[in-house]
Structures are given as structure tokens and as C-alpha cells.
>>> print(open('model.cif').read())   # mmCIF, N, CA and C atoms
data_entry
#
loop_
_atom_site.label_atom_id
_atom_site.label_comp_id
_atom_site.auth_asym_id
_atom_site.auth_seq_id
_atom_site.Cartn_x
_atom_site.Cartn_y
_atom_site.Cartn_z
N VAL A 786 0.83 -1.19 0.00
CA VAL A 786 0.00 0.00 0.00
C VAL A 786 0.87 1.25 0.00
N TRP A 787 1.95 1.26 0.79
CA TRP A 787 2.84 2.39 0.86
C TRP A 787 4.16 2.01 0.21
N GLY A 788 5.01 2.99 -0.04
CA GLY A 788 6.36 2.69 -0.48
C GLY A 788 7.12 2.05 0.67
N GLU A 789 8.26 1.44 0.39
CA GLU A 789 8.99 0.69 1.41
C GLU A 789 9.40 1.58 2.59
N ALA A 790 9.95 2.75 2.33
CA ALA A 790 10.38 3.64 3.42
C ALA A 790 9.18 4.09 4.26
N SER A 791 8.10 4.41 3.57
CA SER A 791 6.89 4.83 4.26
C SER A 791 6.31 3.70 5.11
N LEU A 792 6.35 2.49 4.57
CA LEU A 792 5.84 1.34 5.30
C LEU A 792 6.62 1.12 6.59
N VAL A 793 7.92 1.17 6.52
CA VAL A 793 8.76 0.98 7.71
C VAL A 793 8.44 2.06 8.75
N ARG A 794 8.35 3.31 8.31
CA ARG A 794 8.05 4.41 9.23
C ARG A 794 6.67 4.21 9.87
N ASN A 795 5.69 3.83 9.07
CA ASN A 795 4.34 3.64 9.59
C ASN A 795 4.26 2.47 10.57
N LEU A 796 4.98 1.40 10.27
CA LEU A 796 4.96 0.25 11.18
C LEU A 796 5.63 0.56 12.50
N ARG A 797 6.63 1.43 12.48
CA ARG A 797 7.26 1.84 13.74
C ARG A 797 6.28 2.67 14.57
N GLN A 798 5.45 3.47 13.91
CA GLN A 798 4.45 4.28 14.61
C GLN A 798 3.40 3.41 15.27
N ARG A 799 2.97 2.37 14.58
CA ARG A 799 1.88 1.55 15.08
C ARG A 799 2.14 0.09 14.75
N PRO A 800 2.95 -0.58 15.55
CA PRO A 800 3.30 -1.98 15.26
C PRO A 800 2.11 -2.93 15.29
N THR A 801 1.01 -2.52 15.93
CA THR A 801 -0.17 -3.40 15.97
C THR A 801 -0.72 -3.66 14.57
N LEU A 802 -0.36 -2.82 13.61
CA LEU A 802 -0.81 -3.04 12.24
C LEU A 802 -0.34 -4.40 11.73
N MET A 803 0.82 -4.84 12.23
CA MET A 803 1.36 -6.14 11.81
C MET A 803 0.43 -7.29 12.20
N SER A 804 -0.36 -7.10 13.23
CA SER A 804 -1.25 -8.17 13.68
C SER A 804 -2.60 -8.16 12.97
N MET A 805 -2.84 -7.14 12.15
CA MET A 805 -4.12 -7.05 11.45
C MET A 805 -4.12 -7.97 10.23
N ASN A 806 -5.23 -8.64 10.02
CA ASN A 806 -5.38 -9.53 8.89
C ASN A 806 -5.60 -8.71 7.62
N VAL A 807 -4.81 -8.99 6.61
CA VAL A 807 -4.89 -8.24 5.35
C VAL A 807 -6.26 -8.40 4.71
N GLU A 808 -6.74 -9.63 4.61
CA GLU A 808 -8.00 -9.90 3.91
C GLU A 808 -9.23 -9.41 4.67
N SER A 809 -9.24 -9.57 5.99
CA SER A 809 -10.45 -9.21 6.74
C SER A 809 -10.40 -7.83 7.37
N ASN A 810 -9.21 -7.21 7.45
CA ASN A 810 -9.12 -5.88 8.05
C ASN A 810 -8.63 -4.82 7.07
N LEU A 811 -7.42 -5.00 6.57
CA LEU A 811 -6.79 -3.94 5.78
C LEU A 811 -7.44 -3.72 4.41
N LYS A 812 -7.68 -4.79 3.67
CA LYS A 812 -8.29 -4.63 2.35
C LYS A 812 -9.70 -4.04 2.44
N PRO A 813 -10.56 -4.52 3.35
CA PRO A 813 -11.88 -3.89 3.45
C PRO A 813 -11.82 -2.40 3.81
N THR A 814 -10.88 -2.03 4.67
CA THR A 814 -10.75 -0.62 5.03
C THR A 814 -10.29 0.20 3.83
N LEU A 815 -9.30 -0.29 3.12
CA LEU A 815 -8.83 0.41 1.93
C LEU A 815 -9.92 0.43 0.86
N ASP A 816 -10.70 -0.63 0.77
CA ASP A 816 -11.82 -0.67 -0.17
C ASP A 816 -12.85 0.41 0.18
N PHE A 817 -13.11 0.60 1.47
CA PHE A 817 -14.02 1.67 1.91
C PHE A 817 -13.50 3.03 1.45
N TYR A 818 -12.21 3.29 1.67
CA TYR A 818 -11.63 4.57 1.25
C TYR A 818 -11.73 4.74 -0.26
N ASN A 819 -11.54 3.67 -1.00
CA ASN A 819 -11.64 3.72 -2.46
C ASN A 819 -13.09 3.98 -2.89
N ARG A 820 -14.03 3.23 -2.32
CA ARG A 820 -15.44 3.37 -2.71
C ARG A 820 -16.02 4.74 -2.36
N THR A 821 -15.54 5.33 -1.30
CA THR A 821 -16.05 6.62 -0.87
C THR A 821 -15.29 7.80 -1.48
N GLY A 822 -14.26 7.49 -2.27
CA GLY A 822 -13.53 8.52 -2.98
C GLY A 822 -12.42 9.20 -2.20
N TYR A 823 -12.12 8.71 -1.01
CA TYR A 823 -11.03 9.31 -0.25
C TYR A 823 -9.67 8.94 -0.84
N VAL A 824 -9.58 7.74 -1.41
CA VAL A 824 -8.34 7.22 -1.96
C VAL A 824 -8.68 6.46 -3.24
N LEU A 825 -7.86 6.62 -4.26
CA LEU A 825 -8.02 5.87 -5.50
C LEU A 825 -7.06 4.69 -5.45
N VAL A 826 -7.60 3.49 -5.55
CA VAL A 826 -6.80 2.27 -5.44
C VAL A 826 -6.89 1.49 -6.75
N SER A 827 -5.74 1.01 -7.20
CA SER A 827 -5.70 0.22 -8.44
C SER A 827 -6.17 -1.21 -8.15
N ASP A 828 -6.34 -1.98 -9.23
CA ASP A 828 -6.78 -3.37 -9.08
C ASP A 828 -5.81 -4.22 -8.27
N ASP A 829 -4.54 -3.83 -8.24
CA ASP A 829 -3.56 -4.59 -7.46
C ASP A 829 -3.31 -3.94 -6.09
N TRP A 830 -4.26 -3.14 -5.61
CA TRP A 830 -4.29 -2.57 -4.27
C TRP A 830 -3.20 -1.55 -4.00
N LYS A 831 -2.77 -0.84 -5.03
CA LYS A 831 -1.80 0.24 -4.83
C LYS A 831 -2.55 1.57 -4.86
N ILE A 832 -2.13 2.49 -4.02
CA ILE A 832 -2.74 3.82 -4.00
C ILE A 832 -2.25 4.57 -5.22
N CYS A 833 -3.18 5.09 -6.00
CA CYS A 833 -2.84 5.71 -7.28
C CYS A 833 -2.50 7.19 -7.16
N GLN A 834 -3.04 7.89 -6.19
CA GLN A 834 -2.78 9.32 -6.07
C GLN A 834 -1.50 9.54 -5.27
N GLN A 835 -0.56 10.21 -5.86
CA GLN A 835 0.71 10.49 -5.18
C GLN A 835 0.50 11.36 -3.94
N GLU A 836 -0.45 12.29 -4.01
CA GLU A 836 -0.61 13.23 -2.91
C GLU A 836 -1.42 12.66 -1.75
N THR A 837 -1.99 11.48 -1.93
CA THR A 837 -2.82 10.89 -0.89
C THR A 837 -1.95 10.30 0.20
N ILE A 838 -2.23 10.70 1.42
CA ILE A 838 -1.52 10.17 2.57
C ILE A 838 -2.49 9.28 3.34
N VAL A 839 -2.17 8.01 3.43
CA VAL A 839 -2.99 7.09 4.21
C VAL A 839 -2.12 6.63 5.37
N SER A 840 -2.31 7.26 6.50
CA SER A 840 -1.48 6.94 7.65
C SER A 840 -1.91 5.61 8.27
N VAL A 841 -1.06 5.09 9.10
CA VAL A 841 -1.36 3.85 9.80
C VAL A 841 -2.61 4.03 10.66
N SER A 842 -2.76 5.19 11.26
CA SER A 842 -3.95 5.44 12.08
C SER A 842 -5.22 5.31 11.25
N TYR A 843 -5.18 5.74 10.01
CA TYR A 843 -6.34 5.62 9.13
C TYR A 843 -6.62 4.16 8.81
N MET A 844 -5.55 3.38 8.59
CA MET A 844 -5.72 1.97 8.26
C MET A 844 -6.18 1.17 9.48
N ALA A 845 -5.85 1.65 10.67
CA ALA A 845 -6.22 0.93 11.89
C ALA A 845 -7.62 1.30 12.38
N ALA A 846 -8.24 2.31 11.77
CA ALA A 846 -9.60 2.70 12.18
C ALA A 846 -10.56 1.55 11.91
N SER A 847 -11.42 1.26 12.85
CA SER A 847 -12.37 0.15 12.71
C SER A 847 -13.41 0.46 11.64
N LEU A 848 -13.48 -0.41 10.66
CA LEU A 848 -14.46 -0.25 9.59
C LEU A 848 -15.88 -0.32 10.13
N ASN A 849 -16.16 -1.32 10.95
CA ASN A 849 -17.52 -1.54 11.43
C ASN A 849 -17.92 -0.67 12.61
N SER A 850 -16.98 -0.30 13.44
CA SER A 850 -17.33 0.48 14.63
C SER A 850 -17.18 1.98 14.44
N ARG A 851 -16.40 2.40 13.44
CA ARG A 851 -16.13 3.82 13.28
C ARG A 851 -16.46 4.31 11.88
N LEU A 852 -15.84 3.75 10.86
CA LEU A 852 -15.94 4.31 9.52
C LEU A 852 -17.35 4.20 8.92
N LEU A 853 -17.90 2.99 8.90
CA LEU A 853 -19.23 2.82 8.29
C LEU A 853 -20.32 3.58 9.04
N PRO A 854 -20.40 3.51 10.38
CA PRO A 854 -21.44 4.29 11.04
C PRO A 854 -21.32 5.79 10.79
N ARG A 855 -20.12 6.32 10.81
CA ARG A 855 -19.94 7.76 10.58
C ARG A 855 -20.32 8.13 9.16
N TRP A 856 -19.86 7.34 8.20
CA TRP A 856 -20.16 7.64 6.80
C TRP A 856 -21.67 7.64 6.55
N TYR A 857 -22.35 6.60 7.00
CA TYR A 857 -23.78 6.49 6.74
C TYR A 857 -24.59 7.51 7.53
N PHE A 858 -24.16 7.85 8.74
CA PHE A 858 -24.89 8.86 9.50
C PHE A 858 -24.78 10.22 8.82
N VAL A 859 -23.59 10.58 8.39
CA VAL A 859 -23.43 11.85 7.68
C VAL A 859 -24.30 11.85 6.43
N ARG A 860 -24.28 10.76 5.67
CA ARG A 860 -25.07 10.68 4.43
C ARG A 860 -26.57 10.80 4.73
N SER A 861 -27.01 10.28 5.87
CA SER A 861 -28.44 10.35 6.21
C SER A 861 -28.85 11.73 6.69
N GLN A 862 -27.92 12.48 7.27
CA GLN A 862 -28.24 13.79 7.84
C GLN A 862 -27.93 14.95 6.90
N ASN A 863 -26.84 14.83 6.17
CA ASN A 863 -26.41 15.92 5.30
C ASN A 863 -25.60 15.32 4.14
N PRO A 864 -26.30 14.80 3.12
CA PRO A 864 -25.63 14.08 2.03
C PRO A 864 -24.57 14.88 1.28
N SER A 865 -24.63 16.19 1.31
CA SER A 865 -23.65 16.98 0.57
C SER A 865 -22.38 17.24 1.37
N TYR A 866 -22.40 16.94 2.68
CA TYR A 866 -21.23 17.16 3.52
C TYR A 866 -20.28 15.97 3.39
N ARG A 867 -19.01 16.28 3.22
CA ARG A 867 -17.99 15.23 3.13
C ARG A 867 -16.95 15.49 4.22
N PRO A 868 -16.98 14.69 5.29
CA PRO A 868 -16.00 14.89 6.35
C PRO A 868 -14.59 14.58 5.85
N SER A 869 -13.62 15.21 6.44
CA SER A 869 -12.23 14.92 6.06
C SER A 869 -11.90 13.49 6.47
N LEU A 870 -10.92 12.93 5.80
CA LEU A 870 -10.48 11.58 6.12
C LEU A 870 -9.99 11.50 7.56
N GLY A 871 -9.26 12.50 7.99
CA GLY A 871 -8.79 12.52 9.38
C GLY A 871 -9.93 12.56 10.37
N SER A 872 -10.95 13.35 10.07
CA SER A 872 -12.10 13.47 10.97
C SER A 872 -12.85 12.15 11.09
N ILE A 873 -13.05 11.49 9.98
CA ILE A 873 -13.83 10.26 9.99
C ILE A 873 -13.05 9.11 10.64
N CYS A 874 -11.73 9.19 10.60
CA CYS A 874 -10.89 8.11 11.12
C CYS A 874 -10.42 8.32 12.55
N ILE A 875 -10.06 9.53 12.89
CA ILE A 875 -9.30 9.78 14.12
C ILE A 875 -10.14 10.40 15.25
N ASN A 876 -10.98 11.37 14.92
CA ASN A 876 -11.70 12.11 15.95
C ASN A 876 -12.54 11.20 16.85
N THR A 877 -12.72 11.65 18.10
CA THR A 877 -13.68 10.98 18.98
C THR A 877 -15.06 11.18 18.38
N ASP A 878 -16.03 10.42 18.84
CA ASP A 878 -17.39 10.59 18.34
C ASP A 878 -17.89 12.01 18.58
N ALA A 879 -17.59 12.56 19.75
CA ALA A 879 -18.04 13.92 20.08
C ALA A 879 -17.40 14.94 19.13
N ASP A 880 -16.09 14.83 18.91
CA ASP A 880 -15.41 15.77 18.02
C ASP A 880 -15.87 15.60 16.57
N PHE A 881 -16.07 14.35 16.16
CA PHE A 881 -16.56 14.09 14.81
C PHE A 881 -17.91 14.78 14.60
N CYS A 882 -18.83 14.59 15.54
CA CYS A 882 -20.16 15.20 15.41
C CYS A 882 -20.09 16.72 15.45
N LYS A 883 -19.24 17.24 16.30
CA LYS A 883 -19.09 18.70 16.40
C LYS A 883 -18.58 19.27 15.08
N CYS A 884 -17.54 18.65 14.51
CA CYS A 884 -16.99 19.12 13.22
C CYS A 884 -18.02 19.04 12.10
N ALA A 885 -18.84 18.02 12.14
CA ALA A 885 -19.82 17.81 11.07
C ALA A 885 -21.14 18.53 11.34
N GLY A 886 -21.27 19.17 12.51
CA GLY A 886 -22.51 19.85 12.86
C GLY A 886 -23.65 18.88 13.11
N LEU A 887 -23.33 17.73 13.68
CA LEU A 887 -24.32 16.69 13.93
C LEU A 887 -24.54 16.50 15.42
N ASP A 888 -25.69 15.96 15.77
CA ASP A 888 -26.04 15.72 17.16
C ASP A 888 -25.42 14.40 17.63
N LEU A 889 -24.62 14.47 18.68
CA LEU A 889 -23.92 13.30 19.19
C LEU A 889 -24.89 12.21 19.64
N GLU A 890 -25.93 12.57 20.37
CA GLU A 890 -26.88 11.56 20.86
C GLU A 890 -27.58 10.85 19.70
N GLN A 891 -27.94 11.59 18.66
CA GLN A 891 -28.55 10.97 17.49
C GLN A 891 -27.57 10.02 16.81
N TYR A 892 -26.31 10.44 16.72
CA TYR A 892 -25.30 9.58 16.11
C TYR A 892 -25.13 8.29 16.91
N LEU A 893 -25.01 8.41 18.23
CA LEU A 893 -24.82 7.22 19.05
C LEU A 893 -26.01 6.26 18.94
N GLU A 894 -27.20 6.81 18.85
CA GLU A 894 -28.40 5.97 18.67
C GLU A 894 -28.37 5.29 17.29
N PHE A 895 -28.01 6.05 16.26
CA PHE A 895 -27.89 5.50 14.91
C PHE A 895 -26.85 4.37 14.89
N LYS A 896 -25.72 4.61 15.51
CA LYS A 896 -24.63 3.63 15.54
C LYS A 896 -25.08 2.35 16.26
N LYS A 897 -25.77 2.52 17.36
CA LYS A 897 -26.26 1.37 18.13
C LYS A 897 -27.30 0.58 17.32
N GLU A 898 -28.19 1.29 16.68
CA GLU A 898 -29.30 0.65 15.97
C GLU A 898 -28.87 0.05 14.63
N HIS A 899 -28.06 0.79 13.86
CA HIS A 899 -27.75 0.37 12.49
C HIS A 899 -26.34 -0.17 12.30
N GLY A 900 -25.43 0.17 13.21
CA GLY A 900 -24.01 -0.17 13.04
C GLY A 900 -23.71 -1.58 12.60
N PRO A 901 -24.24 -2.59 13.31
CA PRO A 901 -23.88 -3.96 12.95
C PRO A 901 -24.32 -4.39 11.55
N ALA A 902 -25.33 -3.75 10.99
CA ALA A 902 -25.86 -4.17 9.69
C ALA A 902 -25.27 -3.39 8.50
N LEU A 903 -24.46 -2.38 8.77
CA LEU A 903 -23.95 -1.55 7.69
C LEU A 903 -22.91 -2.30 6.85
N GLU A 904 -22.97 -2.08 5.55
CA GLU A 904 -22.04 -2.72 4.62
C GLU A 904 -21.31 -1.66 3.82
N LEU A 905 -20.26 -2.08 3.12
CA LEU A 905 -19.53 -1.13 2.27
C LEU A 905 -20.49 -0.48 1.28
N PRO A 906 -20.37 0.82 1.09
CA PRO A 906 -21.27 1.51 0.16
C PRO A 906 -20.99 1.11 -1.28
N ASP A 907 -22.04 1.14 -2.08
CA ASP A 907 -21.90 0.88 -3.51
C ASP A 907 -21.43 2.18 -4.15
N PRO A 908 -20.34 2.14 -4.91
CA PRO A 908 -19.82 3.38 -5.51
C PRO A 908 -20.85 4.15 -6.34
N SER A 909 -21.81 3.46 -6.94
CA SER A 909 -22.81 4.15 -7.76
C SER A 909 -23.78 4.97 -6.91
N ASP A 910 -23.83 4.72 -5.61
CA ASP A 910 -24.72 5.47 -4.72
C ASP A 910 -24.02 6.65 -4.06
N LEU A 911 -22.79 6.95 -4.45
CA LEU A 911 -22.02 7.92 -3.71
C LEU A 911 -21.94 9.29 -4.35
N GLN A 912 -22.74 9.57 -5.33
CA GLN A 912 -22.73 10.90 -5.92
C GLN A 912 -23.23 11.89 -4.88
N LEU A 913 -22.37 12.83 -4.54
CA LEU A 913 -22.78 13.85 -3.56
C LEU A 913 -23.83 14.74 -4.17
N ASP A 914 -24.85 15.02 -3.37
CA ASP A 914 -25.92 15.90 -3.84
C ASP A 914 -25.36 17.29 -4.11
N GLU A 915 -25.73 17.84 -5.22
CA GLU A 915 -25.24 19.19 -5.58
C GLU A 915 -26.12 20.23 -4.94
#
>>> encode(input="model.cif", output="C-alpha cells")
Amino acid sequence: VWGEASLVRNLRQRPTLMSMNVESNLKPTLDFYNRTGYVLVSDDWKICQQETIVSVSYMAASLNSRLLPRWYFVRSQNPSYRPSLGSICINTDADFCKCAGLDLEQYLEFKKEHGPALELPDPSDLQLDE
């Protein structure tokens, strides 16, 4: 996913990444970033945009507990708003909702009710409302 020097630096930052399963953790997370337009990934799983920075913290963000609930909640409340990659991956729930202008209690209820059933978005459904 990263160049060799970048990979070594990232693994030193977060060695727990080594314990993550490529097929069940890393590829689905990268697929989420690709499907949502945050990162363009080639068929052989290489990041195509030179300027795109995908830090280890972004790769370690939980797809099911953090990324999918946040993405779908934002889409349900304000489809034209696109949170930054850092915000969707790193911020606490409270900070994420504050940055997005969303109600924390509503988000937590949405996450509790819908979180386990959320799936990767279909790229054809991701056109931001103009």
C-alpha cells in the first residue's frame, strides 16, 4: 500500500498493524476509502494518487465500529457534507459530530441501531448531492 520507506516508518508508529489480517481488516478498510472517494486504489491494491496520505492510524480505524457508522450517519443527515479523512478516522465521536454539525446523541443511537448491519457503500450510490 505504501512505499517501502513509508511502510517501515508507519509500522514503527503503530506496530499493531502487523497483527491485522490483510483480507479481513486492511483490504476492506482500503476498499471503503476507495469506494467513498477518499483514496483511489488500483486493481492490485496500490494507492494511485501520489498526494494521498494514508497513515497507519487511518488503516487501523475500525471499519464496522467507526468508519461505516460515521459515513452512513453523515449521508443520512447531510448528504452533501464530506468529512475529512482525518475526521472520519481519528476524531472521537463527540469531536466528529461537532466538526460535522451533527447531534452526538442521534449519532450514538444510529450507531447502536444500524451499526452492525452496515455494509460497504456501492460506488454508484455515492454521488454527492449538488
>>> resolve_selection(input="model.cif", expression="the PyMOL selection byres ((chain A and resi 884-893) around 8)", output="ChimeraX atom specification")
/A:854-855,858-859,862,866-868,872,878-883,894-899
>>> write_last_selection(input="model.cif", atoms="N, CA and C atoms", output="PDB file, in the coordinates of the input")
ATOM      1  N   PRO A 854     -20.400   3.510  10.380  1.00  0.00           N
ATOM      2  CA  PRO A 854     -21.440   4.290  11.040  1.00  0.00           C
ATOM      3  C   PRO A 854     -21.320   5.790  10.790  1.00  0.00           C
ATOM      4  N   ARG A 855     -20.120   6.320  10.810  1.00  0.00           N
ATOM      5  CA  ARG A 855     -19.940   7.760  10.580  1.00  0.00           C
ATOM      6  C   ARG A 855     -20.320   8.130   9.160  1.00  0.00           C
ATOM      7  N   PHE A 858     -24.160   7.850   8.740  1.00  0.00           N
ATOM      8  CA  PHE A 858     -24.890   8.860   9.500  1.00  0.00           C
ATOM      9  C   PHE A 858     -24.780  10.220   8.820  1.00  0.00           C
ATOM     10  N   VAL A 859     -23.590  10.580   8.390  1.00  0.00           N
ATOM     11  CA  VAL A 859     -23.430  11.850   7.680  1.00  0.00           C
ATOM     12  C   VAL A 859     -24.300  11.850   6.430  1.00  0.00           C
ATOM     13  N   GLN A 862     -27.920  12.480   7.270  1.00  0.00           N
ATOM     14  CA  GLN A 862     -28.240  13.790   7.840  1.00  0.00           C
ATOM     15  C   GLN A 862     -27.930  14.950   6.900  1.00  0.00           C
ATOM     16  N   TYR A 866     -22.400  16.940   2.680  1.00  0.00           N
ATOM     17  CA  TYR A 866     -21.230  17.160   3.520  1.00  0.00           C
ATOM     18  C   TYR A 866     -20.280  15.970   3.390  1.00  0.00           C
ATOM     19  N   ARG A 867     -19.010  16.280   3.220  1.00  0.00           N
ATOM     20  CA  ARG A 867     -17.990  15.230   3.130  1.00  0.00           C
ATOM     21  C   ARG A 867     -16.950  15.490   4.220  1.00  0.00           C
ATOM     22  N   PRO A 868     -16.980  14.690   5.290  1.00  0.00           N
ATOM     23  CA  PRO A 868     -16.000  14.890   6.350  1.00  0.00           C
ATOM     24  C   PRO A 868     -14.590  14.580   5.850  1.00  0.00           C
ATOM     25  N   SER A 872     -10.950  13.350  10.070  1.00  0.00           N
ATOM     26  CA  SER A 872     -12.100  13.470  10.970  1.00  0.00           C
ATOM     27  C   SER A 872     -12.850  12.150  11.090  1.00  0.00           C
ATOM     28  N   ASP A 878     -16.030  10.420  18.840  1.00  0.00           N
ATOM     29  CA  ASP A 878     -17.390  10.590  18.340  1.00  0.00           C
ATOM     30  C   ASP A 878     -17.890  12.010  18.580  1.00  0.00           C
ATOM     31  N   ALA A 879     -17.590  12.560  19.750  1.00  0.00           N
ATOM     32  CA  ALA A 879     -18.040  13.920  20.080  1.00  0.00           C
ATOM     33  C   ALA A 879     -17.400  14.940  19.130  1.00  0.00           C
ATOM     34  N   ASP A 880     -16.090  14.830  18.910  1.00  0.00           N
ATOM     35  CA  ASP A 880     -15.410  15.770  18.020  1.00  0.00           C
ATOM     36  C   ASP A 880     -15.870  15.600  16.570  1.00  0.00           C
ATOM     37  N   PHE A 881     -16.070  14.350  16.160  1.00  0.00           N
ATOM     38  CA  PHE A 881     -16.560  14.090  14.810  1.00  0.00           C
ATOM     39  C   PHE A 881     -17.910  14.780  14.600  1.00  0.00           C
ATOM     40  N   CYS A 882     -18.830  14.590  15.540  1.00  0.00           N
ATOM     41  CA  CYS A 882     -20.160  15.200  15.410  1.00  0.00           C
ATOM     42  C   CYS A 882     -20.090  16.720  15.450  1.00  0.00           C
ATOM     43  N   LYS A 883     -19.240  17.240  16.300  1.00  0.00           N
ATOM     44  CA  LYS A 883     -19.090  18.700  16.400  1.00  0.00           C
ATOM     45  C   LYS A 883     -18.580  19.270  15.080  1.00  0.00           C
ATOM     46  N   GLU A 894     -27.200   6.810  18.850  1.00  0.00           N
ATOM     47  CA  GLU A 894     -28.400   5.970  18.670  1.00  0.00           C
ATOM     48  C   GLU A 894     -28.370   5.290  17.290  1.00  0.00           C
ATOM     49  N   PHE A 895     -28.010   6.050  16.260  1.00  0.00           N
ATOM     50  CA  PHE A 895     -27.890   5.500  14.910  1.00  0.00           C
ATOM     51  C   PHE A 895     -26.850   4.370  14.890  1.00  0.00           C
ATOM     52  N   LYS A 896     -25.720   4.610  15.510  1.00  0.00           N
ATOM     53  CA  LYS A 896     -24.630   3.630  15.540  1.00  0.00           C
ATOM     54  C   LYS A 896     -25.080   2.350  16.260  1.00  0.00           C
ATOM     55  N   LYS A 897     -25.770   2.520  17.360  1.00  0.00           N
ATOM     56  CA  LYS A 897     -26.260   1.370  18.130  1.00  0.00           C
ATOM     57  C   LYS A 897     -27.300   0.580  17.320  1.00  0.00           C
ATOM     58  N   GLU A 898     -28.190   1.290  16.680  1.00  0.00           N
ATOM     59  CA  GLU A 898     -29.300   0.650  15.970  1.00  0.00           C
ATOM     60  C   GLU A 898     -28.870   0.050  14.630  1.00  0.00           C
ATOM     61  N   HIS A 899     -28.060   0.790  13.860  1.00  0.00           N
ATOM     62  CA  HIS A 899     -27.750   0.370  12.490  1.00  0.00           C
ATOM     63  C   HIS A 899     -26.340  -0.170  12.300  1.00  0.00           C
TER      64      HIS A 899
END
>>> atom_distance(input="model.cif", atom1="CA of Tyr857 (chain A)", atom2="atom N of Gly822 (chain A)")
13.1 Å
>>> residues_near_point(input="model.cif", point="(-8.2, 6.2, 7.8)", cutoff="6 Å", atoms="only N, CA and C atoms", output="list of chain:residue names")
A:Ser842, A:Tyr843, A:Met844, A:Ala845, A:Ala846, A:Leu870, A:Cys874
>>> select_by_dssp(input="model.cif", residues="region 822-889 of chain A", states="alpha helix (DSSP H)", output="list in words")
Val841, Ser842, Tyr843, Met844, Ala845, Leu853, Pro854, Arg855, Trp856, Tyr857, Phe858, Val859, Arg860, Ser861, Gln862, Leu870, Gly871, Ser872, Ile873, Cys874, Asp878, Ala879, Asp880, Phe881, Cys882, Lys883, Cys884, Ala885 and Leu889 of chain A
>>> atom_distance(input="model.cif", atom1="atom C of Leu848 (chain A)", atom2="atom N of Ile875 (chain A)")
11.8 Å
>>> atom_distance(input="model.cif", atom1="CA of Pro813 (chain A)", atom2="CA of Arg860 (chain A)")
19.7 Å
>>> axis_aligned_box(input="model.cif", around="region 865-868 of chain A", padding_each_side="6 Å", output="lines of an AutoDock Vina configuration file")
center_x = -19.6
center_y = 15.9
center_z = 3.5
size_x = 22.0
size_y = 14.7
size_z = 17.8
>>> closest_residue(input="model.cif", among="A:Val824, A:Glu808, A:Ile873, A:Ser850", to="Gly900 (chain A)", atoms="only N, CA and C atoms")
A:Ser850
